[in-house]
file work-v1.csv (CSV, C-alpha atoms)
chain,number,residue,atom,x,y,z
A,14,MET,CA,-40.1,68.9,21.8
A,15,ASN,CA,-40.4,71.2,24.8
A,16,ARG,CA,-36.9,72.3,24.5
A,17,MET,CA,-37.5,73.2,20.8
A,18,LEU,CA,-40.6,75.2,21.7
A,19,VAL,CA,-38.7,77.1,24.4
A,20,SER,CA,-35.9,77.8,21.9
A,21,LEU,CA,-38.4,78.9,19.3
A,22,GLY,CA,-40.1,81.1,21.9
A,23,THR,CA,-36.8,82.7,22.8
A,24,VAL,CA,-35.9,83.4,19.2
A,25,THR,CA,-39.3,84.9,18.6
A,26,PHE,CA,-39.0,87.1,21.7
A,27,MET,CA,-35.5,88.3,20.7
A,28,ALA,CA,-36.7,89.1,17.1
A,29,ILE,CA,-39.5,91.2,18.5
A,30,ALA,CA,-37.2,93.0,20.9
A,31,ILE,CA,-34.7,93.7,18.1
A,32,ALA,CA,-37.5,95.0,15.9
A,33,ASN,CA,-38.8,97.3,18.7
A,34,ALA,CA,-35.3,98.6,19.3
A,35,SER,CA,-34.8,99.2,15.6
A,36,ALA,CA,-38.2,101.1,15.5
A,37,LYS,CA,-37.1,103.2,18.4
A,38,ASP,CA,-33.8,104.0,16.8
A,39,LYS,CA,-35.6,105.0,13.6
A,40,GLN,CA,-38.0,107.3,15.7
A,41,SER,CA,-34.9,108.8,17.4
A,42,GLU,CA,-33.1,109.4,14.1
A,43,THR,CA,-36.2,111.0,12.6
A,44,PHE,CA,-36.6,113.2,15.7
A,45,LEU,CA,-32.9,114.2,15.6
A,46,LYS,CA,-33.0,114.9,11.9
A,47,LYS,CA,-36.0,117.3,12.4
A,48,ALA,CA,-34.4,118.8,15.5
A,49,ILE,CA,-31.1,119.5,13.7
A,50,GLU,CA,-32.9,121.0,10.7
A,51,GLY,CA,-35.1,123.1,13.1
A,52,ASN,CA,-32.0,124.3,15.0
A,53,PHE,CA,-30.4,125.5,11.7
A,54,ALA,CA,-33.6,127.2,10.8
A,55,GLU,CA,-34.0,128.9,14.1
A,56,VAL,CA,-30.4,130.2,14.0
A,57,SER,CA,-31.1,131.8,10.6
A,58,MET,CA,-34.5,133.1,11.7
A,59,GLY,CA,-32.8,134.7,14.7
A,60,GLU,CA,-30.2,136.3,12.4
A,61,LEU,CA,-33.0,137.6,10.2
A,62,ALA,CA,-34.8,139.1,13.3
A,63,GLN,CA,-31.7,141.0,14.2
A,64,GLN,CA,-31.5,142.4,10.7
A,65,ASN,CA,-35.2,143.0,9.8
A,66,GLY,CA,-36.8,143.5,13.2
A,67,GLN,CA,-38.1,146.9,14.1
A,68,SER,CA,-38.4,146.6,17.9
A,69,ASP,CA,-35.5,146.0,20.2
A,70,ALA,CA,-37.5,143.1,21.8
A,71,VAL,CA,-37.6,141.3,18.4
A,72,LYS,CA,-33.9,141.9,17.8
A,73,SER,CA,-33.1,140.7,21.3
A,74,PHE,CA,-35.2,137.6,20.8
A,75,GLY,CA,-33.4,137.0,17.5
A,76,ARG,CA,-30.1,137.0,19.4
A,77,MET,CA,-31.4,134.6,22.0
A,78,LEU,CA,-32.7,132.3,19.2
A,79,SER,CA,-29.4,132.2,17.4
A,80,THR,CA,-27.3,131.7,20.5
A,81,ASP,CA,-29.6,129.0,22.1
A,82,HIS,CA,-30.3,127.1,18.9
A,83,ALA,CA,-26.6,127.1,17.9
A,84,ALA,CA,-25.7,125.6,21.3
A,85,ALA,CA,-28.6,123.1,21.1
A,86,ASN,CA,-27.5,122.0,17.6
A,87,GLN,CA,-24.0,121.1,19.0
A,88,LYS,CA,-25.8,118.8,21.5
A,89,ALA,CA,-28.1,117.4,18.8
A,90,LEU,CA,-25.2,116.7,16.5
A,91,GLU,CA,-23.4,114.8,19.4
A,92,ALA,CA,-26.6,112.8,20.0
A,93,ALA,CA,-26.8,112.0,16.3
A,94,GLN,CA,-23.2,110.9,16.3
A,95,GLY,CA,-24.0,108.7,19.3
A,96,LEU,CA,-26.7,107.0,17.3
A,97,GLY,CA,-24.4,106.6,14.3
A,98,MET,CA,-26.5,108.6,12.0
A,99,ASN,CA,-25.6,111.0,9.3
A,100,PRO,CA,-27.1,114.4,10.3
A,101,PRO,CA,-28.5,117.0,8.0
A,102,SER,CA,-26.3,120.1,7.3
A,103,GLY,CA,-29.0,122.8,7.1
A,104,PRO,CA,-32.7,123.5,7.4
A,105,ASN,CA,-35.3,121.6,5.2
A,106,ALA,CA,-37.0,123.0,2.1
A,107,LYS,CA,-40.1,124.3,4.0
A,108,GLN,CA,-38.0,126.0,6.6
A,109,LYS,CA,-35.9,127.7,3.9
A,110,ALA,CA,-39.1,128.8,2.1
A,111,ASP,CA,-40.5,130.2,5.4
A,112,HIS,CA,-37.3,132.1,6.0
A,113,ASP,CA,-37.3,133.5,2.4
A,114,LYS,CA,-40.9,134.6,2.7
A,115,ILE,CA,-40.3,136.4,6.0
A,116,ALA,CA,-37.0,137.8,4.8
A,117,LYS,CA,-38.9,140.0,2.3
A,118,MET,CA,-40.6,141.8,5.2
A,119,SER,CA,-39.4,144.6,7.5
A,120,GLY,CA,-40.6,146.9,10.2
A,121,ALA,CA,-43.8,146.2,12.2
A,122,GLY,CA,-45.1,143.8,9.6
A,123,PHE,CA,-41.9,141.7,10.0
A,124,ASP,CA,-42.2,141.8,13.8
A,125,LYS,CA,-45.8,140.6,13.8
A,126,THR,CA,-45.3,137.8,11.3
A,127,PHE,CA,-42.1,136.7,13.0
A,128,ALA,CA,-43.7,136.5,16.4
A,129,THR,CA,-46.7,134.6,15.1
A,130,HIS,CA,-44.4,132.1,13.3
A,131,MET,CA,-42.2,131.6,16.4
A,132,VAL,CA,-45.3,130.9,18.6
A,133,ALA,CA,-46.6,128.3,16.2
A,134,ASP,CA,-43.2,126.8,15.6
A,135,HIS,CA,-42.2,126.5,19.3
A,136,GLN,CA,-45.6,125.0,20.3
A,137,LYS,CA,-45.1,122.3,17.7
A,138,ASP,CA,-41.5,121.8,18.8
A,139,ILE,CA,-42.3,121.4,22.5
A,140,ALA,CA,-44.9,118.7,21.7
A,141,GLU,CA,-42.3,116.8,19.6
A,142,TYR,CA,-39.5,117.2,22.2
A,143,LYS,CA,-41.8,116.0,25.1
A,144,LYS,CA,-42.7,112.9,23.1
A,145,ALA,CA,-39.0,112.3,22.2
A,146,SER,CA,-37.9,112.9,25.8
A,147,LYS,CA,-39.5,109.6,26.8
A,148,THR,CA,-37.0,107.6,24.8
A,149,LYS,CA,-34.1,106.3,26.9
A,150,ASN,CA,-31.2,107.1,24.5
A,151,ALA,CA,-29.1,110.0,23.4
A,152,ALA,CA,-32.0,111.5,21.5
A,153,GLY,CA,-34.3,111.4,24.5
A,154,GLU,CA,-31.6,112.9,26.7
A,155,TYR,CA,-31.1,115.7,24.2
A,156,ALA,CA,-34.8,116.3,24.0
A,157,SER,CA,-35.3,116.4,27.8
A,158,GLY,CA,-32.5,119.0,28.1
A,159,GLN,CA,-34.0,121.4,25.6
A,160,ILE,CA,-37.7,121.6,26.7
A,161,ASP,CA,-37.1,124.5,29.2
A,162,THR,CA,-35.3,126.6,26.6
A,163,LEU,CA,-38.0,126.0,24.1
A,164,GLN,CA,-40.6,127.0,26.6
A,165,LYS,CA,-38.7,130.2,27.3
A,166,HIS,CA,-38.6,130.9,23.6
A,167,LEU,CA,-42.4,130.2,23.3
A,168,ASP,CA,-43.1,132.5,26.3
A,169,THR,CA,-41.0,135.3,24.8
A,170,ALA,CA,-42.6,134.9,21.3
A,171,LYS,CA,-46.1,135.1,22.9
A,172,SER,CA,-45.1,138.3,24.7
A,173,LEU,CA,-43.8,139.7,21.4
A,174,LYS,CA,-47.1,138.7,19.7
A,175,ALA,CA,-49.2,140.3,22.4
A,176,GLY,CA,-47.1,143.5,22.1
A,177,SER,CA,-47.5,143.9,18.4

call {"tool": "encode", "arguments": {"input": "work-v1.csv", "output": "C-alpha coordinates"}}
result
Amino acid sequence: MNRMLVSLGTVTFMAIAIANASAKDKQSETFLKKAIEGNFAEVSMGELAQQNGQSDAVKSFGRMLSTDHAAANQKALEAAQGLGMNPPSGPNAKQKADHDKIAKMSGAGFDKTFATHMVADHQKDIAEYKKASKTKNAAGEYASGQIDTLQKHLDTAKSLKAGS
(Lines of atoms letter the chains of each structure in order from A and count residues from 1; the text may use other names and numbers.)
(Lines give C-alpha, C1' and ligand atoms only; values in the text may rest on other atoms or scores of the structure.)
Protein backbone atom coordinates (compact mmCIF):
# COMPACT_ATOMS: atom_id res chain seq x y z
CA MET A 1 0.00 0.00 0.00
CA ASN A 2 2.79 2.44 0.94
CA ARG A 3 4.69 1.58 -2.20
CA MET A 4 1.58 2.27 -4.29
CA LEU A 5 1.08 5.65 -2.60
CA VAL A 6 4.73 6.58 -3.20
CA SER A 7 4.39 5.57 -6.86
CA LEU A 8 1.15 7.53 -7.20
CA GLY A 9 2.82 10.54 -5.57
CA THR A 10 5.77 10.29 -7.94
CA VAL A 11 3.50 10.06 -10.98
CA THR A 12 1.48 13.07 -9.78
CA PHE A 13 4.66 15.08 -9.17
CA MET A 14 5.99 14.20 -12.62
CA ALA A 15 2.69 15.15 -14.27
CA ILE A 16 2.75 18.55 -12.52
CA ALA A 17 6.39 19.09 -13.52
CA ILE A 18 5.62 18.25 -17.15
CA ALA A 19 2.57 20.54 -17.15
CA ASN A 20 4.67 23.39 -15.71
CA ALA A 21 7.40 22.84 -18.30
CA SER A 22 4.79 22.79 -21.04
CA ALA A 23 3.26 26.05 -19.77
CA LYS A 24 6.72 27.66 -19.70
CA ASP A 25 7.37 26.49 -23.27
CA LYS A 26 4.04 27.99 -24.35
CA GLN A 27 4.95 31.28 -22.64
CA SER A 28 8.34 31.23 -24.34
CA GLU A 29 6.80 30.48 -27.72
CA THR A 30 4.26 33.30 -27.26
CA PHE A 31 7.05 35.70 -26.26
CA LEU A 32 9.24 34.71 -29.22
CA LYS A 33 6.34 35.00 -31.65
CA LYS A 34 5.67 38.54 -30.43
CA ALA A 35 9.39 39.38 -30.39
CA ILE A 36 9.90 38.19 -33.97
CA GLU A 37 6.82 40.07 -35.20
CA GLY A 38 8.07 43.13 -33.32
CA ASN A 39 11.53 42.88 -34.84
CA PHE A 40 10.04 42.69 -38.34
CA ALA A 41 7.87 45.72 -37.52
CA GLU A 42 10.81 47.73 -36.14
CA VAL A 43 12.93 47.01 -39.23
CA SER A 44 10.16 48.35 -41.49
CA MET A 45 9.52 51.34 -39.19
CA GLY A 46 13.24 52.10 -39.28
CA GLU A 47 13.19 52.01 -43.07
CA LEU A 48 10.16 54.30 -43.03
CA ALA A 49 11.95 56.77 -40.73
CA GLN A 50 14.85 56.91 -43.16
CA GLN A 51 12.45 57.72 -46.03
CA ASN A 52 9.87 59.99 -44.36
CA GLY A 53 11.82 61.51 -41.49
CA GLN A 54 12.60 65.19 -41.62
CA SER A 55 15.44 65.44 -39.10
CA ASP A 56 18.80 63.76 -39.44
CA ALA A 57 18.32 62.41 -35.89
CA VAL A 58 15.12 60.57 -36.89
CA LYS A 59 16.78 59.19 -40.03
CA SER A 60 19.79 58.06 -37.99
CA PHE A 61 17.51 56.42 -35.41
CA GLY A 62 15.71 54.68 -38.27
CA ARG A 63 19.02 53.21 -39.47
CA MET A 64 19.82 52.06 -35.92
CA LEU A 65 16.37 50.44 -35.55
CA SER A 66 16.63 48.59 -38.85
CA THR A 67 20.16 47.34 -38.18
CA ASP A 68 19.65 46.37 -34.52
CA HIS A 69 16.27 44.69 -34.99
CA ALA A 70 17.42 42.75 -38.06
CA ALA A 71 20.32 41.39 -35.99
CA ALA A 72 18.00 40.70 -33.04
CA ASN A 73 15.61 38.85 -35.31
CA GLN A 74 18.36 36.44 -36.39
CA LYS A 75 18.90 35.59 -32.71
CA ALA A 76 15.16 35.33 -32.05
CA LEU A 77 14.71 33.01 -35.02
CA GLU A 78 17.54 30.81 -33.72
CA ALA A 79 15.89 30.72 -30.28
CA ALA A 80 12.57 29.77 -31.91
CA GLN A 81 14.29 27.00 -33.82
CA GLY A 82 15.82 25.81 -30.53
CA LEU A 83 12.31 25.50 -29.08
CA GLY A 84 11.09 23.71 -32.21
CA MET A 85 8.49 26.34 -33.06
CA ASN A 86 7.36 27.66 -36.40
CA PRO A 87 8.18 31.41 -36.31
CA PRO A 88 6.11 34.17 -37.93
CA SER A 89 7.40 35.62 -41.21
CA GLY A 90 6.44 39.26 -40.70
CA PRO A 91 4.77 41.80 -38.42
CA ASN A 92 1.25 41.24 -37.08
CA ALA A 93 -1.86 43.02 -38.40
CA LYS A 94 -1.79 45.81 -35.79
CA GLN A 95 1.88 46.51 -36.49
CA LYS A 96 1.17 46.66 -40.24
CA ALA A 97 -1.73 49.06 -39.60
CA ASP A 98 0.49 51.29 -37.40
CA HIS A 99 3.13 51.31 -40.14
CA ASP A 100 0.60 52.16 -42.85
CA LYS A 101 -0.88 54.99 -40.75
CA ILE A 102 2.52 56.56 -40.06
CA ALA A 103 3.65 55.97 -43.66
CA LYS A 104 1.10 58.56 -44.83
CA MET A 105 2.93 61.25 -42.85
CA SER A 106 6.08 63.22 -43.57
CA GLY A 107 8.13 66.09 -42.23
CA ALA A 108 7.86 67.33 -38.65
CA GLY A 109 4.50 65.59 -38.15
CA PHE A 110 6.08 62.27 -39.06
CA ASP A 111 9.04 62.87 -36.72
CA LYS A 112 6.81 63.66 -33.75
CA THR A 113 4.39 60.76 -34.30
CA PHE A 114 7.25 58.35 -34.97
CA ALA A 115 9.12 59.35 -31.79
CA THR A 116 5.96 59.07 -29.66
CA HIS A 117 5.19 55.64 -31.12
CA MET A 118 8.76 54.42 -30.53
CA VAL A 119 8.75 55.55 -26.87
CA ALA A 120 5.49 53.72 -26.13
CA ASP A 121 6.53 50.64 -28.11
CA HIS A 122 9.94 50.28 -26.48
CA GLN A 123 8.59 50.84 -22.96
CA LYS A 124 6.16 47.95 -23.52
CA ASP A 125 8.86 45.80 -25.10
CA ILE A 126 11.32 46.30 -22.25
CA ALA A 127 8.72 45.16 -19.71
CA GLU A 128 7.95 42.02 -21.77
CA TYR A 129 11.64 41.24 -22.35
CA LYS A 130 12.47 41.63 -18.64
CA LYS A 131 9.69 39.20 -17.75
CA ALA A 132 10.81 36.70 -20.43
CA SER A 133 14.47 37.00 -19.38
CA LYS A 134 13.65 35.14 -16.15
CA THR A 135 12.94 31.96 -18.12
CA LYS A 136 15.88 29.55 -18.28
CA ASN A 137 15.75 28.54 -21.93
CA ALA A 138 16.62 29.90 -25.39
CA ALA A 139 13.83 32.50 -25.22
CA GLY A 140 15.06 33.78 -21.85
CA GLU A 141 18.65 33.98 -23.07
CA TYR A 142 17.52 35.87 -26.17
CA ALA A 143 15.44 38.30 -24.06
CA SER A 144 18.29 38.93 -21.62
CA GLY A 145 20.64 39.75 -24.46
CA GLN A 146 18.33 42.37 -25.99
CA ILE A 147 17.33 44.51 -23.00
CA ASP A 148 20.31 46.90 -23.23
CA THR A 149 19.67 47.53 -26.93
CA LEU A 150 15.97 48.15 -26.31
CA GLN A 151 16.87 50.57 -23.52
CA LYS A 152 19.22 52.42 -25.89
CA HIS A 153 16.38 52.66 -28.41
CA LEU A 154 13.99 53.95 -25.73
CA ASP A 155 16.48 56.59 -24.58
CA THR A 156 17.05 57.70 -28.19
CA ALA A 157 13.30 57.85 -28.89
CA LYS A 158 12.76 59.93 -25.72
CA SER A 159 15.46 62.38 -26.81
CA LEU A 160 13.81 62.66 -30.25
CA LYS A 161 10.41 63.25 -28.64
CA ALA A 162 11.87 65.94 -26.36
CA GLY A 163 13.48 67.62 -29.36
CA SER A 164 10.32 67.74 -31.46

call {"tool": "closest_residue", "arguments": {"input": "work-v1.csv", "among": "A:Glu91, A:Glu60, A:Glu50, A:Asp168", "to": "A:Gln136", "atoms": "all atoms listed in the file"}}
result
A:Asp168

call {"tool": "closest_residue", "arguments": {"input": "work-v1.csv", "among": "A:Lys88, A:Lys107, A:Lys143, A:His130", "to": "A:Ala170", "atoms": "all atoms listed in the file"}}
result
A:His130

call {"tool": "closest_residue", "arguments": {"input": "work-v1.csv", "among": "A:Ser102, A:Ser79, A:Ser119, A:Thr129", "to": "A:Ala175", "atoms": "all atoms listed in the file"}}
result
A:Thr129

call {"tool": "closest_residue", "arguments": {"input": "work-v1.csv", "among": "A:Leu173, A:Ile49, A:Ala89, A:Ala128", "to": "A:Asn105", "atoms": "all atoms listed in the file"}}
result
A:Ile49

call {"tool": "closest_residue", "arguments": {"input": "work-v1.csv", "among": "A:Thr169, A:Ser57, A:Thr80, A:Gln64", "to": "A:Gly103", "atoms": "all atoms listed in the file"}}
result
A:Ser57

call {"tool": "closest_residue", "arguments": {"input": "work-v1.csv", "among": "A:Gln159, A:Ser172, A:Gln87, A:Ser146", "to": "A:Gln40", "atoms": "all atoms listed in the file"}}
result
A:Ser146

call {"tool": "residues_around", "arguments": {"input": "work-v1.csv", "residues": "A:Phe123", "least_positions_apart": "3", "cutoff": "10 Å", "atoms": "all atoms listed in the file", "output": "ChimeraX atom specification"}}
result
/A:61-62,65-68,71,115-120,126-129

call {"tool": "residues_around", "arguments": {"input": "work-v1.csv", "residues": "A:Glu141", "least_positions_apart": "6", "cutoff": "12 Å", "atoms": "all atoms listed in the file", "output": "list in words"}}
result
Gln40, Ser41, Thr43, Phe44, Leu45, Lys47, Ala48, Gly51, Asp134, His135, Lys147, Thr148, Ala152, Gly153, Ala156, Ser157, Gln159, Ile160 and Leu163 of chain A

call {"tool": "atom_distance", "arguments": {"input": "work-v1.csv", "atom1": "atom CA of A:Asp138", "atom2": "atom CA of A:Asp161"}}
result
11.6 Å

call {"tool": "atom_distance", "arguments": {"input": "work-v1.csv", "atom1": "atom CA of A:Met58", "atom2": "atom CA of A:Asn99"}}
result
23.9 Å

call {"tool": "atom_distance", "arguments": {"input": "work-v1.csv", "atom1": "atom CA of A:Leu96", "atom2": "atom CA of A:Gln108"}}
result
24.6 Å

call {"tool": "residues_around", "arguments": {"input": "work-v1.csv", "residues": "A:Gly59", "least_positions_apart": "3", "cutoff": "8 Å", "atoms": "all atoms listed in the file", "output": "PyMOL selection string"}}
result
chain A and resi 55-56+62-63+72+74-79

call {"tool": "residues_around", "arguments": {"input": "work-v1.csv", "residues": "A:Ala106", "least_positions_apart": "4", "cutoff": "12 Å", "atoms": "all atoms listed in the file", "output": "VMD selection string"}}
result
chain A and resid 47 50 to 51 53 to 54 101 110 to 113
